file start_15.cif (mmCIF, C-alpha atoms)
data_coords
loop_
_atom_site.label_atom_id
_atom_site.label_comp_id
_atom_site.auth_asym_id
_atom_site.auth_seq_id
_atom_site.Cartn_x
_atom_site.Cartn_y
_atom_site.Cartn_z
CA MET B 163 100.72 24.37 57.62
CA LYS B 164 104.49 24.58 57.34
CA ILE B 165 106.71 26.83 59.47
CA ILE B 166 109.91 28.00 57.80
CA ALA B 167 112.62 29.65 59.90
CA ILE B 168 115.15 31.92 58.21
CA LEU B 169 118.33 32.16 60.27
CA SER B 170 122.10 32.33 60.28
CA GLY B 171 124.79 32.92 62.86
CA LYS B 172 126.31 35.96 61.23
CA GLY B 173 124.69 39.39 60.98
CA GLY B 174 124.03 41.19 57.72
CA THR B 175 124.04 38.09 55.55
CA GLY B 176 120.58 38.82 54.12
CA LYS B 177 118.07 37.11 56.42
CA THR B 178 115.49 39.89 56.21
CA THR B 179 116.03 40.33 52.46
CA LEU B 180 115.47 36.63 51.82
CA SER B 181 112.51 36.45 54.24
CA SER B 182 110.66 39.34 52.62
CA ASN B 183 111.16 38.07 49.08
CA LEU B 184 110.31 34.51 49.96
CA ALA B 185 107.16 35.68 51.75
CA ILE B 186 106.01 37.68 48.72
CA LEU B 187 106.65 34.75 46.36
CA LEU B 188 104.90 32.19 48.57
CA SER B 189 101.93 34.49 49.13
CA LYS B 190 101.17 34.40 45.41
CA LYS B 191 100.42 30.68 45.64
CA LYS B 192 99.30 30.02 49.21
CA PRO B 193 97.86 31.87 52.19
CA ILE B 194 100.81 32.83 54.38
CA VAL B 195 101.74 34.84 57.44
CA ALA B 196 105.14 36.45 58.08
CA VAL B 197 106.65 36.91 61.55
CA ASP B 198 109.65 39.07 62.46
CA CYS B 199 111.20 37.35 65.46
CA ASP B 200 114.19 39.72 65.60
CA ALA B 201 112.54 41.75 68.35
CA ASP B 202 115.92 43.32 69.16
CA ALA B 203 116.24 45.12 65.80
CA PRO B 204 113.21 44.24 63.70
CA ASN B 205 113.40 45.19 60.02
CA LEU B 206 111.04 42.88 58.14
CA ALA B 207 108.28 45.53 58.17
CA LEU B 208 110.64 48.06 56.58
CA ALA B 209 111.66 45.54 53.93
CA LEU B 210 107.98 44.98 53.13
CA GLY B 211 107.31 48.70 52.80
CA LEU B 212 105.73 49.29 56.19
CA LYS B 213 106.55 51.74 58.95
CA GLU B 214 105.69 51.68 62.62
CA LYS B 215 102.71 53.99 61.99
CA ASN B 216 101.19 51.39 59.62
CA PHE B 217 100.53 49.16 62.62
CA PHE B 218 97.40 50.13 64.52
CA ASN B 219 97.16 47.56 67.28
CA TRP B 220 100.42 47.89 69.24
CA GLU B 221 100.03 45.98 72.46
CA GLU B 222 102.55 46.39 75.26
CA VAL B 223 103.61 43.14 76.89
CA GLU B 224 105.00 42.31 80.32
CA THR B 225 107.33 39.35 80.07
CA ASN B 226 109.81 40.30 82.74
CA GLU B 227 110.21 41.64 86.25
CA LYS B 228 112.87 43.88 87.80
CA ALA B 229 114.13 44.09 91.37
CA VAL B 230 113.42 47.30 93.28
CA LEU B 231 114.90 48.18 96.68
CA ASP B 232 113.19 49.83 99.63
CA GLU B 233 116.24 51.62 101.08
CA LYS B 234 114.56 52.26 104.43
CA LYS B 235 114.35 48.54 105.16
CA CYS B 236 117.90 47.77 103.94
CA ILE B 237 120.45 46.85 106.64
CA ASP B 238 123.51 46.79 104.34
CA CYS B 239 124.05 43.02 104.74
CA LYS B 240 125.32 42.74 101.14
CA LYS B 241 123.51 39.42 100.63
CA CYS B 242 121.78 40.68 97.48
CA PHE B 243 125.05 42.03 96.10
CA ASN B 244 126.77 38.69 96.66
CA VAL B 245 123.99 36.55 95.20
CA CYS B 246 123.46 38.38 91.89
CA ASN B 247 125.02 36.44 89.04
CA PHE B 248 124.33 39.12 86.43
CA ALA B 249 126.39 42.04 87.78
CA ALA B 250 123.10 43.94 88.14
CA ILE B 251 123.74 45.00 91.74
CA ASN B 252 126.60 47.36 92.49
CA TRP B 253 127.71 48.42 95.97
CA ASP B 254 127.76 52.13 96.67
CA LYS B 255 130.65 52.38 99.16
CA ARG B 256 129.86 55.93 100.20
CA LYS B 257 126.23 55.32 101.03
CA ASN B 258 126.92 51.68 101.95
CA LYS B 259 123.86 50.59 100.00
CA PRO B 260 123.23 48.39 96.99
CA VAL B 261 122.48 50.06 93.66
CA PHE B 262 120.22 48.15 91.29
CA ASN B 263 120.94 48.35 87.58
CA SER B 264 117.62 47.68 85.89
CA LEU B 265 119.26 47.30 82.48
CA LEU B 266 121.23 44.26 83.63
CA CYS B 267 118.57 42.80 85.98
CA GLU B 268 117.20 39.48 84.74
CA GLY B 269 114.30 39.57 87.19
CA CYS B 270 115.29 36.16 88.57
CA GLY B 271 114.35 37.07 92.13
CA ALA B 272 117.45 35.60 93.81
CA CYS B 273 118.10 38.91 95.65
CA GLN B 274 114.51 39.09 96.85
CA LEU B 275 114.70 35.54 98.22
CA VAL B 276 118.01 36.12 100.01
CA CYS B 277 117.08 39.49 101.58
CA PRO B 278 116.42 39.00 105.33
CA GLN B 279 114.53 42.31 105.54
CA SER B 280 112.06 41.81 102.66
CA ALA B 281 113.49 45.07 101.35
CA ILE B 282 113.47 43.95 97.73
CA LYS B 283 110.37 43.70 95.58
CA LEU B 284 109.97 42.41 92.06
CA VAL B 285 107.87 44.66 89.88
CA LYS B 286 106.46 43.78 86.49
CA VAL B 287 107.89 45.77 83.61
CA LYS B 288 106.48 46.43 80.20
CA ASN B 289 109.45 45.30 78.16
CA GLY B 290 108.16 45.18 74.62
CA LYS B 291 105.27 45.57 72.24
CA ILE B 292 103.73 43.45 69.51
CA ALA B 293 101.46 44.21 66.58
CA ASN B 294 100.24 42.87 63.25
CA THR B 295 99.02 44.43 60.05
CA LYS B 296 98.30 43.65 56.43
CA THR B 297 101.26 44.18 54.08
CA PRO B 298 100.86 45.82 50.64
CA TYR B 299 101.22 42.25 49.28
CA GLY B 300 98.04 41.09 50.97
CA PHE B 301 99.43 38.81 53.69
CA GLU B 302 99.66 39.53 57.41
CA LEU B 303 102.89 40.49 59.16
CA PHE B 304 103.41 40.07 62.90
CA THR B 305 106.23 41.99 64.50
CA GLY B 306 107.57 42.86 67.94
CA GLN B 307 109.92 45.40 69.44
CA LEU B 308 111.78 45.09 72.71
CA PHE B 309 112.02 48.25 74.80
CA LEU B 310 115.49 49.49 75.68
CA MET C 269 140.68 54.35 77.24
CA LYS C 270 137.96 51.84 76.48
CA ILE C 271 136.32 52.10 73.05
CA ALA C 272 133.31 49.99 72.11
CA ILE C 273 132.62 49.15 68.48
CA THR C 274 128.91 48.53 68.13
CA GLY C 275 126.10 49.43 65.74
CA GLY C 276 122.71 47.75 66.25
CA LYS C 277 122.50 46.14 62.83
CA GLY C 278 124.33 42.98 61.88
CA GLY C 279 126.93 42.84 59.13
CA THR C 280 127.66 46.60 59.02
CA GLY C 281 131.37 46.00 59.55
CA LYS C 282 131.88 46.06 63.33
CA SER C 283 134.55 43.35 63.39
CA THR C 284 136.22 44.70 60.24
CA ILE C 285 136.49 48.20 61.77
CA ALA C 286 137.37 46.95 65.27
CA THR C 287 140.29 44.85 64.02
CA ALA C 288 141.58 47.53 61.62
CA LEU C 289 141.40 50.19 64.36
CA ALA C 290 143.10 47.97 66.94
CA VAL C 291 145.95 47.14 64.54
CA GLU C 292 146.35 50.84 63.70
CA LEU C 293 146.45 51.84 67.40
CA ALA C 294 148.89 49.03 68.22
CA ARG C 295 151.51 50.54 65.90
CA LYS C 296 152.05 53.28 68.43
CA TYR C 297 150.26 52.35 71.66
CA LYS C 298 149.80 49.43 73.99
CA THR C 299 146.50 48.12 72.67
CA MET C 300 144.15 45.26 73.40
CA ILE C 301 141.20 44.03 71.38
CA ALA C 302 138.44 42.13 73.20
CA ASP C 303 135.91 40.30 71.04
CA ALA C 304 132.71 40.51 73.10
CA ASP C 305 130.52 39.14 70.31
CA VAL C 306 130.36 35.97 72.36
CA ASP C 307 127.58 34.57 70.17
CA CYS C 308 129.67 34.52 66.98
CA PRO C 309 133.19 35.81 67.63
CA ASN C 310 135.08 36.48 64.38
CA ASP C 311 137.95 38.86 65.19
CA HIS C 312 140.50 36.04 65.52
CA LEU C 313 139.64 34.96 61.97
CA ILE C 314 140.32 38.43 60.56
CA LEU C 315 143.54 38.73 62.60
CA ASN C 316 144.48 35.16 61.73
CA ILE C 317 145.13 34.37 65.38
CA ARG C 318 145.28 30.85 66.66
CA ARG C 319 143.45 31.36 69.92
CA LYS C 320 144.79 29.85 73.12
CA LYS C 321 142.23 28.80 75.70
CA ILE C 322 142.71 30.47 79.08
CA ARG C 323 139.82 28.89 80.93
CA ASP C 324 136.25 27.65 80.78
CA ILE C 325 133.36 29.75 82.05
CA PHE C 326 130.85 28.03 84.31
CA GLN C 327 127.44 28.92 85.63
CA PRO C 328 125.79 27.50 88.71
CA ILE C 329 123.10 24.95 87.97
CA PRO C 330 120.88 23.20 90.50
CA LYS C 331 121.14 19.53 91.34
CA ILE C 332 118.23 18.11 93.28
CA ASN C 333 119.27 15.84 96.14
CA ARG C 334 116.46 13.29 96.27
CA GLY C 335 117.52 12.16 99.73
CA LYS C 336 116.59 15.58 101.10
CA CYS C 337 113.80 16.64 98.71
CA GLN C 338 110.33 16.73 100.29
CA LYS C 339 108.55 17.33 96.95
CA CYS C 340 107.18 20.68 98.08
CA GLY C 341 107.63 22.33 94.66
CA ARG C 342 109.05 25.57 96.06
CA CYS C 343 112.05 25.42 93.65
CA ALA C 344 109.77 25.30 90.60
CA GLU C 345 107.60 28.05 92.06
CA VAL C 346 110.46 30.57 92.33
CA CYS C 347 112.07 29.74 88.97
CA LYS C 348 111.19 32.62 86.63
CA GLU C 349 112.71 30.81 83.67
CA HIS C 350 110.44 27.77 84.07
CA ALA C 351 113.57 25.61 84.15
CA ILE C 352 112.16 23.36 86.88
CA VAL C 353 109.01 21.35 86.29
CA PHE C 354 107.09 20.12 89.30
CA VAL C 355 104.13 17.76 89.47
CA ASP C 356 102.54 16.94 92.87
CA ASP C 357 104.11 13.93 94.63
CA LYS C 358 106.95 13.68 92.09
CA TYR C 359 110.53 14.88 92.28
CA PRO C 360 111.10 18.18 90.47
CA VAL C 361 112.73 17.88 87.04
CA LEU C 362 115.34 20.33 85.75
CA ILE C 363 115.44 21.50 82.11
CA PRO C 364 119.08 22.63 81.96
CA GLU C 365 118.74 24.55 78.65
CA GLN C 366 116.27 26.93 80.33
CA CYS C 367 118.41 27.56 83.43
CA ILE C 368 120.22 30.92 83.55
CA GLY C 369 122.13 30.13 86.75
CA CYS C 370 120.47 32.61 89.08
CA SER C 371 120.47 30.27 92.13
CA ALA C 372 116.96 31.31 93.23
CA CYS C 373 115.92 27.65 93.63
CA MET C 374 118.90 26.93 95.90
CA ILE C 375 118.04 29.89 98.13
CA ALA C 376 114.33 29.09 98.23
CA CYS C 377 114.46 25.35 99.03
CA PRO C 378 113.38 24.96 102.67
CA HIS C 379 115.12 21.58 102.96
CA ASN C 380 118.51 22.44 101.43
CA ALA C 381 117.79 19.80 98.83
CA VAL C 382 118.77 21.94 95.84
CA GLU C 383 122.54 21.71 95.65
CA LYS C 384 124.93 23.74 93.58
CA ASP C 385 126.39 22.10 90.51
CA GLU C 386 128.13 23.72 87.56
CA ARG C 387 127.89 23.60 83.82
CA LYS C 388 130.19 24.99 81.19
CA ILE C 389 128.65 27.92 79.33
CA GLY C 390 131.65 29.32 77.48
CA THR C 391 135.38 29.62 76.99
CA ILE C 392 137.83 32.52 77.29
CA TYR C 393 140.67 32.74 74.80
CA GLN C 394 143.71 34.90 74.32
CA GLY C 395 146.22 35.48 71.57
CA ASN C 396 148.55 37.99 69.95
CA PHE C 397 148.76 39.72 66.60
CA GLN C 398 152.22 41.26 66.48
CA ASN C 399 152.14 43.49 69.59
CA LEU C 400 148.34 43.69 69.71
CA LYS C 401 146.92 41.70 72.62
CA PHE C 402 143.78 39.73 71.86
CA PHE C 403 141.04 38.36 74.15
CA SER C 404 137.75 36.74 73.27
CA ALA C 405 134.99 34.62 74.73
CA GLU C 406 132.71 32.15 73.01
CA THR C 407 129.34 30.81 74.16
CA GLU C 408 128.62 27.08 74.24
CA ILE C 409 125.92 26.17 71.73
CA GLY C 410 122.50 26.06 73.37
CA VAL C 411 123.24 28.50 76.19
CA GLU C 412 120.54 31.14 76.37
CA GLU C 413 121.86 33.75 78.79
CA GLU C 414 125.06 35.34 77.52
CA SER C 415 125.68 38.25 79.89
CA PRO C 416 127.71 36.08 82.31
CA ILE C 417 130.03 35.16 79.44
CA VAL C 418 130.60 38.81 78.50
CA ASN C 419 131.10 39.62 82.20
CA ALA C 420 133.68 36.84 82.56
CA LEU C 421 135.55 38.28 79.56
CA LYS C 422 135.36 41.77 81.07
CA ASN C 423 136.81 40.50 84.36
CA GLU C 424 139.75 39.01 82.46
CA VAL C 425 140.26 42.30 80.61
CA GLU C 426 139.95 44.25 83.87
CA LYS C 427 142.90 42.33 85.36
CA GLN C 428 145.13 43.50 82.51
CA LYS C 429 143.66 46.98 82.08
CA LYS C 430 146.55 48.95 83.56
CA LYS C 431 148.99 47.61 80.99
CA PHE C 432 147.15 49.18 78.05
CA ASP C 433 146.58 52.64 76.57
CA TYR C 434 143.60 51.52 74.48
CA ILE C 435 141.14 48.67 74.80
CA VAL C 436 138.87 48.07 71.80
CA PHE C 437 135.68 46.14 72.62
CA ASP C 438 133.88 44.56 69.67
CA THR C 439 130.20 43.91 70.51
CA SER C 440 127.41 41.71 69.13
CA PRO C 441 124.72 43.24 66.92
CA GLY C 442 121.44 44.17 68.59
CA THR C 443 120.73 46.20 71.69
CA HIS C 444 120.13 43.72 74.47
CA CYS C 445 121.63 41.89 77.45
CA ASN C 446 125.03 40.88 76.16
CA VAL C 447 125.52 44.11 74.16
CA ILE C 448 124.61 46.18 77.26
CA SER C 449 127.12 44.21 79.35
CA ALA C 450 129.82 44.79 76.73
CA LEU C 451 129.08 48.52 76.41
CA GLN C 452 129.03 49.37 80.10
CA GLY C 453 132.18 51.11 81.27
CA SER C 454 133.14 52.35 77.80
CA ASP C 455 134.54 55.86 77.38
CA LEU C 456 133.31 56.09 73.81
CA ALA C 457 131.16 54.02 71.47
CA ILE C 458 131.75 53.96 67.73
CA CYS C 459 128.54 52.92 65.93
CA VAL C 460 129.29 51.32 62.59
CA ALA C 461 126.33 52.07 60.33
CA GLU C 462 125.31 51.77 56.70
CA PRO C 463 123.20 54.34 54.83
CA THR C 464 120.14 52.16 54.23
CA PRO C 465 116.61 52.31 55.71
CA LEU C 466 117.34 49.16 57.72
CA GLY C 467 120.70 50.55 58.80
CA ALA C 468 119.10 53.84 59.90
CA HIS C 469 116.40 52.05 61.90
CA ASP C 470 118.87 49.93 63.88
CA LEU C 471 121.31 52.83 64.35
CA LYS C 472 118.55 54.80 66.07
CA LEU C 473 117.99 51.90 68.48
CA ILE C 474 121.65 51.64 69.50
CA LEU C 475 121.99 55.45 69.87
CA GLU C 476 118.91 55.42 72.10
CA LEU C 477 120.54 52.73 74.24
CA LEU C 478 123.86 54.60 74.44
CA LYS C 479 121.96 57.68 75.59
CA ILE C 480 120.42 55.68 78.43
CA LEU C 481 123.85 54.26 79.33
CA LYS C 482 125.36 57.79 79.16
CA ILE C 483 128.12 56.67 76.82
CA PRO C 484 129.26 59.23 74.21
CA ALA C 485 128.60 57.94 70.71
CA LYS C 486 130.06 58.66 67.29
CA ILE C 487 129.12 57.20 63.93
CA LEU C 488 131.38 55.57 61.41
CA LEU C 489 129.59 55.24 58.11
CA ASN C 490 130.51 52.13 56.17
CA LYS C 491 129.70 51.60 52.47
CA SER C 492 129.04 55.34 52.66
CA ASP C 493 128.58 55.99 48.95
CA ILE C 494 125.79 53.48 48.34
CA GLY C 495 122.29 54.07 49.65
CA ASN C 496 121.14 57.37 51.08
CA LYS C 497 123.46 59.24 53.42
CA LYS C 498 120.73 61.75 54.33
CA LEU C 499 119.01 59.02 56.36
CA ILE C 500 122.02 58.87 58.67
CA GLU C 501 122.68 62.61 58.70
CA LYS C 502 119.17 63.22 60.04
CA ILE C 503 119.74 60.79 62.90
CA THR C 504 123.08 62.46 63.62
CA LYS C 505 121.22 65.73 64.24
CA ASP C 506 118.46 64.13 66.31
CA PHE C 507 121.02 62.53 68.64
CA GLN C 508 123.52 65.42 68.56
CA THR C 509 126.32 63.20 67.43
CA ALA C 510 128.52 63.21 64.35
CA ILE C 511 129.81 61.04 61.57
CA ILE C 512 133.53 60.86 62.32
CA GLY C 513 134.52 58.85 59.31
CA GLU C 514 133.25 57.36 56.08
CA ILE C 515 134.44 54.26 54.30
CA PRO C 516 133.26 54.11 50.71
CA TYR C 517 132.16 50.85 49.14
CA SER C 518 135.29 49.64 47.41
CA LYS C 519 136.25 46.45 45.68
CA LYS C 520 139.62 46.46 47.41
CA ILE C 521 138.03 46.47 50.86
CA MET C 522 135.48 43.84 49.87
CA GLU C 523 138.32 41.64 48.64
CA SER C 524 140.25 41.98 51.90
CA TYR C 525 137.03 41.26 53.80
CA SER C 526 136.18 38.21 51.70
CA LYS C 527 139.63 36.78 52.35
CA GLY C 528 139.27 37.46 56.08
CA LYS C 529 142.04 40.07 56.08
CA ILE C 530 142.53 43.35 57.90
CA ILE C 531 141.33 46.32 55.87
CA GLU C 532 143.22 49.58 55.33
CA ASP C 533 141.48 52.90 54.84
CA SER C 534 142.13 56.56 55.60
CA ALA C 535 138.96 56.60 57.76
CA ILE C 536 140.68 54.23 60.20
CA THR C 537 143.66 56.60 60.50
CA LYS C 538 141.25 59.50 61.08
CA LEU C 539 139.44 57.49 63.72
CA LYS C 540 142.75 56.82 65.47
CA GLU C 541 143.59 60.53 65.42
CA HIS C 542 140.17 61.32 66.89
CA LEU C 543 140.88 58.92 69.76
CA GLU C 544 144.31 60.46 70.35
CA ARG C 545 142.72 63.88 70.71
CA LYS C 546 140.04 62.52 73.06
CA LYS C 547 142.64 60.90 75.27
CA LYS C 548 144.55 64.15 75.83
#

call {"tool": "encode", "arguments": {"input": "start_15.cif", "output": "structure tokens"}}
result
Amino acid sequence: MKIIAILSGKGGTGKTTLSSNLAILLSKKKPIVAVDCDADAPNLALALGLKEKNFFNWEEVETNEKAVLDEKKCIDCKKCFNVCNFAAINWDKRKNKPVFNSLLCEGCGACQLVCPQSAIKLVKVKNGKIANTKTPYGFELFTGQLFL
Amino acid sequence: MKIAITGGKGGTGKSTIATALAVELARKYKTMIADADVDCPNDHLILNIRRKKIRDIFQPIPKINRGKCQKCGRCAEVCKEHAIVFVDDKYPVLIPEQCIGCSACMIACPHNAVEKDERKIGTIYQGNFQNLKFFSAETEIGVEEESPIVNALKNEVEKQKKKFDYIVFDTSPGTHCNVISALQGSDLAICVAEPTPLGAHDLKLILELLKILKIPAKILLNKSDIGNKKLIEKITKDFQTAIIGEIPYSKKIMESYSKGKIIEDSAITKLKEHLERKKK
């Protein structure tokens, strides 16, 4: 088996267009499978004439964790705020408490480790889904979609 | 006023619009453009700016002090990125490409054997195009986590913020980490879209994200006369936003673009006027 990656630095250069056409051509000669690895903004299914509803086996995946604070245990020591390297913890000056921004949290756990009160927990998050289906051209397509 | 130029899909014309808008605003106002597409920054090419390096961006990276290490494996256990490999009775081994610089291993080590080292992850640049101020940041090849690079650029911009009427932030395509970092704090997001099924799909994703971030969004339709505009108009209704400008597909614009030049179009002037009204 050969694995061919279609890539480029720039956006909109035609990666999906080339991938879909190449997949169709190759599938006429050999058994193939196509994979859309652009989980951020996946389009290969659309280019191959498929919509989200044409996939029947969507499976949600947990590949990340997010920090969650138990405010009752928090003693305002600011250690979590100071340790976060991803600007995911802001300091609410009025309440004198940290505010966790789940969109920016990498789930690295540094804040949990540094908290002297065990006030921070990491919880698993479902952060995407994957599925596969047969394309109108006869070969299988695997695709994924990250959640926002 | 901070305006983000974004769009979800790649190659819709974000950098083309961002540079043209910034140049238009700079005719009358104190304006800065910040290229936050740290993956593949291009704005300096369109503006023909020779960038001047301001500083390097570093991230913390662990260095295992073998004199202190007791081979307990705690550092590898806490590393969510699997950047430290540990085998019983051996010293832990770091895979630097996997490390995102979170420092969890340094905090967790019970013997203070994980020391703080640094590695370069990017560079911040500045420049000028006439009276338009330019900033950008570029990621080192092979660095996985880009949010810290966007955040470093934002800190640099923040220092200068008071001097400007308008700051135009050009983002990466997509909807994740580094785009979120670039978008946060914006007063308005302009989504550059194209009227194609792929364009519509990715526009929906970015509008969904902007809704979560509570950033007002408007759409600028590029190559507006090819494809199917109805696709975009439907989304406009669903998200209660509006198309505030259309740039038709024209040979003149494509020629400017292919030469890496700033484009001129009445939609850019209209966009500027929209921003003037918003600011008042």

call {"tool": "interface_residues", "arguments": {"input": "start_15.cif", "of": "chain C", "to": "chain B", "cutoff": "6 Å", "atoms": "all atoms listed in the file", "output": "PyMOL selection string"}}
result
chain C and resi 278-279+348+370+372+442+470

call {"tool": "residues_around", "arguments": {"input": "start_15.cif", "residues": "C:Asp303", "least_positions_apart": "2", "cutoff": "7 Å", "atoms": "only C-alpha atoms", "output": "JSON, numbers by chain"}}
result
{"C": [301, 305, 309, 311, 403, 404, 405, 437, 438, 439]}

call {"tool": "closest_residue", "arguments": {"input": "start_15.cif", "among": "C:Leu475, C:Cys308, C:Leu481, C:Pro465", "to": "B:Lys213", "atoms": "only C-alpha atoms"}}
result
C:Pro465

call {"tool": "atom_distance", "arguments": {"input": "start_15.cif", "atom1": "atom CA of B:Ile237", "atom2": "atom CA of B:Cys277"}}
result
9.5 Å

call {"tool": "resolve_selection", "arguments": {"input": "start_15.cif", "expression": "the PyMOL selection byres ((chain C and resi 471) around 8)", "output": "number ranges by chain"}}
result
C: 275-277, 459, 461, 467-470, 472-475

call {"tool": "write_last_selection", "arguments": {"input": "start_15.cif", "atoms": "C-alpha atoms", "output": "mmCIF file, in the frame of the given file"}}
result
data_model
loop_
_atom_site.group_PDB
_atom_site.id
_atom_site.type_symbol
_atom_site.label_atom_id
_atom_site.label_comp_id
_atom_site.auth_asym_id
_atom_site.auth_seq_id
_atom_site.Cartn_x
_atom_site.Cartn_y
_atom_site.Cartn_z
ATOM 1 C CA GLY C 275 126.100 49.430 65.740
ATOM 2 C CA GLY C 276 122.710 47.750 66.250
ATOM 3 C CA LYS C 277 122.500 46.140 62.830
ATOM 4 C CA CYS C 459 128.540 52.920 65.930
ATOM 5 C CA ALA C 461 126.330 52.070 60.330
ATOM 6 C CA GLY C 467 120.700 50.550 58.800
ATOM 7 C CA ALA C 468 119.100 53.840 59.900
ATOM 8 C CA HIS C 469 116.400 52.050 61.900
ATOM 9 C CA ASP C 470 118.870 49.930 63.880
ATOM 10 C CA LYS C 472 118.550 54.800 66.070
ATOM 11 C CA LEU C 473 117.990 51.900 68.480
ATOM 12 C CA ILE C 474 121.650 51.640 69.500
ATOM 13 C CA LEU C 475 121.990 55.450 69.870
#

call {"tool": "atom_distance", "arguments": {"input": "start_15.cif", "atom1": "atom CA of C:Ile368", "atom2": "atom CA of B:Phe243"}}
result
17.4 Å

call {"tool": "atom_distance", "arguments": {"input": "start_15.cif", "atom1": "atom CA of B:Pro278", "atom2": "atom CA of B:Asn263"}}
result
20.6 Å

call {"tool": "residues_around", "arguments": {"input": "start_15.cif", "residues": "C:Lys486", "least_positions_apart": "5", "cutoff": "9 Å", "atoms": "only C-alpha atoms", "output": "ChimeraX atom specification"}}
result
/C:456-460,504,509-512

call {"tool": "write_last_selection", "arguments": {"input": "start_15.cif", "atoms": "C-alpha atoms", "output": "compact mmCIF listing (two decimals), in the frame of the given file"}}
result
# COMPACT_ATOMS: atom_id res chain seq x y z
CA LEU C 456 133.31 56.09 73.81
CA ALA C 457 131.16 54.02 71.47
CA ILE C 458 131.75 53.96 67.73
CA CYS C 459 128.54 52.92 65.93
CA VAL C 460 129.29 51.32 62.59
CA THR C 504 123.08 62.46 63.62
CA THR C 509 126.32 63.20 67.43
CA ALA C 510 128.52 63.21 64.35
CA ILE C 511 129.81 61.04 61.57
CA ILE C 512 133.53 60.86 62.32

call {"tool": "resolve_selection", "arguments": {"input": "start_15.cif", "expression": "the PyMOL selection byres ((chain C and resi 453) around 10)", "output": "PyMOL selection string"}}
result
chain C and resi 269-272+422+448-452+454-456+481-483

call {"tool": "resolve_selection", "arguments": {"input": "start_15.cif", "expression": "the PyMOL selection byres ((chain C and resi 396) around 10)", "output": "number ranges by chain"}}
result
C: 300-301, 312, 315-320, 394-395, 397-403

call {"tool": "residues_near_point", "arguments": {"input": "start_15.cif", "point": "(99.1, 40.8, 51.5)", "cutoff": "9 Å", "atoms": "all atoms listed in the file", "output": "list in words"}}
result
Ile186, Ser189, Ile194, Val195, Lys296, Thr297, Pro298, Tyr299, Gly300, Phe301, Glu302 and Leu303 of chain B

call {"tool": "residues_around", "arguments": {"input": "start_15.cif", "residues": "stretch 527-544 of chain C", "least_positions_apart": "3", "cutoff": "10 Å", "atoms": "all atoms listed in the file", "output": "VMD selection string"}}
result
chain C and resid 269 271 283 to 293 310 to 316 434 456 458 488 to 490 512 to 516 520 to 524 547 to 548

call {"tool": "write_last_selection", "arguments": {"input": "start_15.cif", "atoms": "C-alpha atoms", "output": "compact mmCIF listing (two decimals), in the coordinates of the input"}}
result
# COMPACT_ATOMS: atom_id res chain seq x y z
CA MET C 269 140.68 54.35 77.24
CA ILE C 271 136.32 52.10 73.05
CA SER C 283 134.55 43.35 63.39
CA THR C 284 136.22 44.70 60.24
CA ILE C 285 136.49 48.20 61.77
CA ALA C 286 137.37 46.95 65.27
CA THR C 287 140.29 44.85 64.02
CA ALA C 288 141.58 47.53 61.62
CA LEU C 289 141.40 50.19 64.36
CA ALA C 290 143.10 47.97 66.94
CA VAL C 291 145.95 47.14 64.54
CA GLU C 292 146.35 50.84 63.70
CA LEU C 293 146.45 51.84 67.40
CA ASN C 310 135.08 36.48 64.38
CA ASP C 311 137.95 38.86 65.19
CA HIS C 312 140.50 36.04 65.52
CA LEU C 313 139.64 34.96 61.97
CA ILE C 314 140.32 38.43 60.56
CA LEU C 315 143.54 38.73 62.60
CA ASN C 316 144.48 35.16 61.73
CA TYR C 434 143.60 51.52 74.48
CA LEU C 456 133.31 56.09 73.81
CA ILE C 458 131.75 53.96 67.73
CA LEU C 488 131.38 55.57 61.41
CA LEU C 489 129.59 55.24 58.11
CA ASN C 490 130.51 52.13 56.17
CA ILE C 512 133.53 60.86 62.32
CA GLY C 513 134.52 58.85 59.31
CA GLU C 514 133.25 57.36 56.08
CA ILE C 515 134.44 54.26 54.30
CA PRO C 516 133.26 54.11 50.71
CA LYS C 520 139.62 46.46 47.41
CA ILE C 521 138.03 46.47 50.86
CA MET C 522 135.48 43.84 49.87
CA GLU C 523 138.32 41.64 48.64
CA SER C 524 140.25 41.98 51.90
CA LYS C 547 142.64 60.90 75.27
CA LYS C 548 144.55 64.15 75.83

call {"tool": "residues_around", "arguments": {"input": "start_15.cif", "residues": "C:Cys337", "least_positions_apart": "3", "cutoff": "12 Å", "atoms": "all atoms listed in the file", "output": "list in words"}}
result
Lys331, Ile332, Asn333, Arg334, Cys340, Gly341, Arg342, Cys343, Asp357, Lys358, Tyr359, Pro360, Val361, Met374, Cys377, Pro378, His379, Asn380, Ala381, Val382 and Glu383 of chain C

call {"tool": "residues_around", "arguments": {"input": "start_15.cif", "residues": "stretch 215-224 of chain B", "least_positions_apart": "4", "cutoff": "6 Å", "atoms": "all atoms listed in the file", "output": "list in words"}}
result
Val287, Lys288, Asn289, Gly290, Lys291, Ile292, Ala293 and Thr295 of chain B
